[in-house]
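Structure file target-v9.txt; described as compact mmCIF, C-alpha atoms.
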# COMPACT_ATOMS: atom_id res chain seq x y z
CA MET B 635 113.82 106.40 81.39
CA HIS B 636 115.49 107.76 84.52
CA GLU B 637 114.76 104.40 86.16
CA LEU B 638 117.66 102.91 84.20
CA SER B 639 120.12 105.40 85.72
CA ILE B 640 118.56 104.87 89.16
CA THR B 641 119.04 101.12 88.75
CA TRP B 642 122.68 101.70 87.78
CA SER B 643 123.10 103.69 90.99
CA ILE B 644 121.48 100.96 93.11
CA VAL B 645 123.78 98.30 91.62
CA ASP B 646 126.80 100.59 92.01
CA VAL B 647 126.06 101.23 95.69
CA ALA B 648 125.62 97.51 96.35
CA ALA B 649 128.83 96.62 94.49
CA GLN B 650 130.82 99.26 96.40
CA VAL B 651 129.51 98.00 99.74
CA ALA B 652 130.30 94.40 98.73
CA LYS B 653 134.01 95.14 98.20
CA GLY B 654 134.36 92.06 95.99
CA ARG B 655 132.00 89.81 97.95
CA LYS B 656 128.91 88.36 96.34
CA VAL B 657 125.66 90.24 97.00
CA ASN B 658 122.75 87.96 97.93
CA SER B 659 119.96 90.54 98.06
CA VAL B 660 119.22 94.24 97.83
CA THR B 661 116.20 95.91 99.45
CA VAL B 662 115.04 99.27 98.13
CA GLU B 663 112.32 101.57 99.48
CA ILE B 664 110.48 103.65 96.89
CA GLY B 665 107.85 106.21 97.88
CA GLU B 666 104.62 106.29 95.91
CA LEU B 667 105.14 110.01 95.16
CA SER B 668 108.82 109.65 94.21
CA GLY B 669 108.04 109.55 90.51
CA VAL B 670 109.95 106.28 90.16
CA MET B 671 108.29 103.34 88.40
CA THR B 672 109.00 100.27 90.54
CA GLU B 673 108.22 97.90 87.66
CA SER B 674 110.95 99.52 85.58
CA ILE B 675 113.52 99.20 88.38
CA ALA B 676 112.63 95.51 88.74
CA PHE B 677 112.91 95.05 84.96
CA TRP B 678 116.34 96.71 84.62
CA PHE B 679 117.95 95.28 87.77
CA PRO B 680 119.00 91.85 86.35
CA GLU B 681 120.38 93.45 83.18
CA VAL B 682 122.35 96.15 84.96
CA ALA B 683 123.71 93.70 87.55
CA LYS B 684 125.24 91.36 84.93
CA GLY B 685 128.98 91.01 85.36
CA THR B 686 128.99 92.62 88.81
CA PRO B 687 129.05 91.18 92.35
CA VAL B 688 125.30 91.94 92.36
CA GLU B 689 124.54 89.64 89.40
CA ALA B 690 122.93 86.81 91.38
CA ALA B 691 121.22 89.07 93.94
CA SER B 692 117.50 89.21 94.44
CA LEU B 693 115.82 92.61 94.53
CA GLU B 694 113.11 93.44 97.02
CA ILE B 695 111.21 96.66 96.41
CA ARG B 696 109.17 98.04 99.29
CA GLU B 697 106.65 100.62 98.19
CA ILE B 698 106.16 103.33 100.81
CA ALA B 699 102.72 104.92 101.02
CA ALA B 700 102.60 108.71 101.15
CA LEU B 701 101.61 110.09 104.54
CA ALA B 702 101.36 113.67 105.84
CA ARG B 703 100.57 115.57 109.05
CA CYS B 704 98.23 118.57 108.92
CA ASP B 705 99.68 121.85 110.22
CA LEU B 706 96.22 122.99 111.37
CA CYS B 707 94.54 120.02 113.04
CA GLY B 708 97.54 117.69 113.55
CA ALA B 709 95.89 114.72 111.82
CA GLU B 710 98.05 112.20 109.98
CA PHE B 711 96.50 111.16 106.69
CA PRO B 712 97.38 109.40 103.41
CA THR B 713 98.31 111.62 100.46
CA PRO B 714 98.15 109.37 97.39
CA SER B 715 98.54 112.37 95.07
CA MET B 716 100.33 115.70 95.15
CA LEU B 717 96.90 117.39 95.26
CA SER B 718 95.68 115.67 98.42
CA THR B 719 94.14 117.65 101.26
CA CYS B 720 93.67 116.90 104.92
CA PRO B 721 90.23 115.54 105.86
CA CYS B 722 89.72 118.90 107.62
CA GLY B 723 90.08 120.62 104.22
CA SER B 724 93.49 122.18 104.81
CA PHE B 725 96.24 122.23 102.19
CA ARG B 726 98.84 123.05 104.85
CA PHE B 727 100.66 119.88 105.79
CA ARG B 728 104.10 118.33 106.12
CA ARG B 729 104.88 115.20 104.15
CA LEU B 730 106.10 112.45 106.50
CA CYS B 731 106.90 109.81 103.90
CA GLY B 732 106.18 108.77 100.35
CA GLU B 733 108.83 110.66 98.40
CA GLU B 734 111.85 108.57 99.38
CA LEU B 735 114.15 106.40 97.31
CA ASN B 736 116.51 104.48 99.60
CA VAL B 737 118.74 101.44 99.43
CA LYS B 738 117.52 100.02 102.73
CA SER B 739 119.71 96.92 103.02
CA ILE B 740 122.30 94.87 101.19
CA GLU B 741 122.85 91.24 102.17
CA LEU B 742 126.33 89.89 101.41
CA GLU B 743 127.73 86.37 101.32
CA GLU B 744 129.36 85.29 104.54
CA ILE B 745 133.12 85.31 104.73
CA SER B 746 134.50 81.84 105.42

Spell out the structure here as structure tokens.
Amino acid sequence: MHELSITWSIVDVAAQVAKGRKVNSVTVEIGELSGVMTESIAFWFPEVAKGTPVEAASLEIREIAALARCDLCGAEFPTPSMLSTCPCGSFRFRRLCGEELNVKSIELEEIS
């Protein structure tokens, strides 16, 4: 159920950036290993946004695939689970992406 509080945070960030202007869209990046259920964020967004400058905004969720670089052979490879290994068999790697949760962009109405 932490997706509800995450959604509140997303709406809060967008409303603060808007400073009273209407928000047209919000784009969020969610890594596949972040532990966040994108479907739940999409479900809660319209409810949480009611009565805020974000109410009419569309939500775009970009799912970021997990990727790592092996410390031994230098290969970059997908890591769709926390138990992934490099194709060379090594467990020693650095995660490059896939754990993020970012508000990437907020589109506001134009000031006339």

Using all atoms listed in the file, the residue out of B:Met671, B:Leu730, B:Val647, B:Leu638 with shortest distance to Ile695 (chain B) is B:Met671

So the first atom is CA of Glu697 (chain B) and the second is CA of Ile640 (chain B); what is the distance between them in Å, to one decimal place?
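Going from CA of Glu697 (chain B) over to CA of Ile640 (chain B) covers 15.5 Å.
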
From B:Arg703, B:Ser746, B:Val737, B:Ala649, residue lying nearest Val662 (chain B) [all atoms listed in the file]
B:Val737

Polymer residues at most 9 Å from Arg729 (chain B), only C-alpha atoms, same-chain spacing of 5 or more positions, as a list in words
Ala700, Leu701, Ala702, Arg703, Cys704 and Thr713 of chain B

Of the candidates B:Ile740, B:Pro687, B:Ser715, B:Ala709, which one gets nearest to Arg728 (chain B) if we count all atoms listed in the file?
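Residue with the minimum atom-to-atom distance to Arg728 (chain B): B:Ala709.
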
Mind giving me the straight-line distance from CA of Ala676 (chain B) to CA of Gly654 (chain B) in Å, one decimal?
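Separation between CA of Ala676 (chain B) and CA of Gly654 (chain B): 23.2 Å.
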
Distance query Ile698 (chain B) at most 9 Å, all atoms listed in the file, self and fewer than 5 positions along chain excluded, as a PyMOL selection string
chain B and resi 663-667+731-734

Might you pull out every residue within 12 Å of Ile745 (chain B), with all atoms listed in the file counted and same-chain residues fewer than 5 positions away left off, and present them as a ChimeraX atom specification?
/B:652-657

Of the candidates B:Gly669, B:Asn658, B:Leu693, B:Cys720, which one gets nearest to Ile644 (chain B) if we count all atoms listed in the file?
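Of B:Gly669, B:Asn658, B:Leu693, B:Cys720, the one nearest Ile644 (chain B), counting all atoms listed in the file, is B:Leu693.
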
Just give me the gap between CA of Arg696 (chain B) and CA of Val660 (chain B) in Å, one decimal is fine.
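Those two atoms sit 10.8 Å apart.
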
Restricting the calculation to all atoms listed in the file: of B:Val645, B:Val688, B:Cys722, B:Ala683, which residue gets closest to Cys707 (chain B)?
B:Cys722
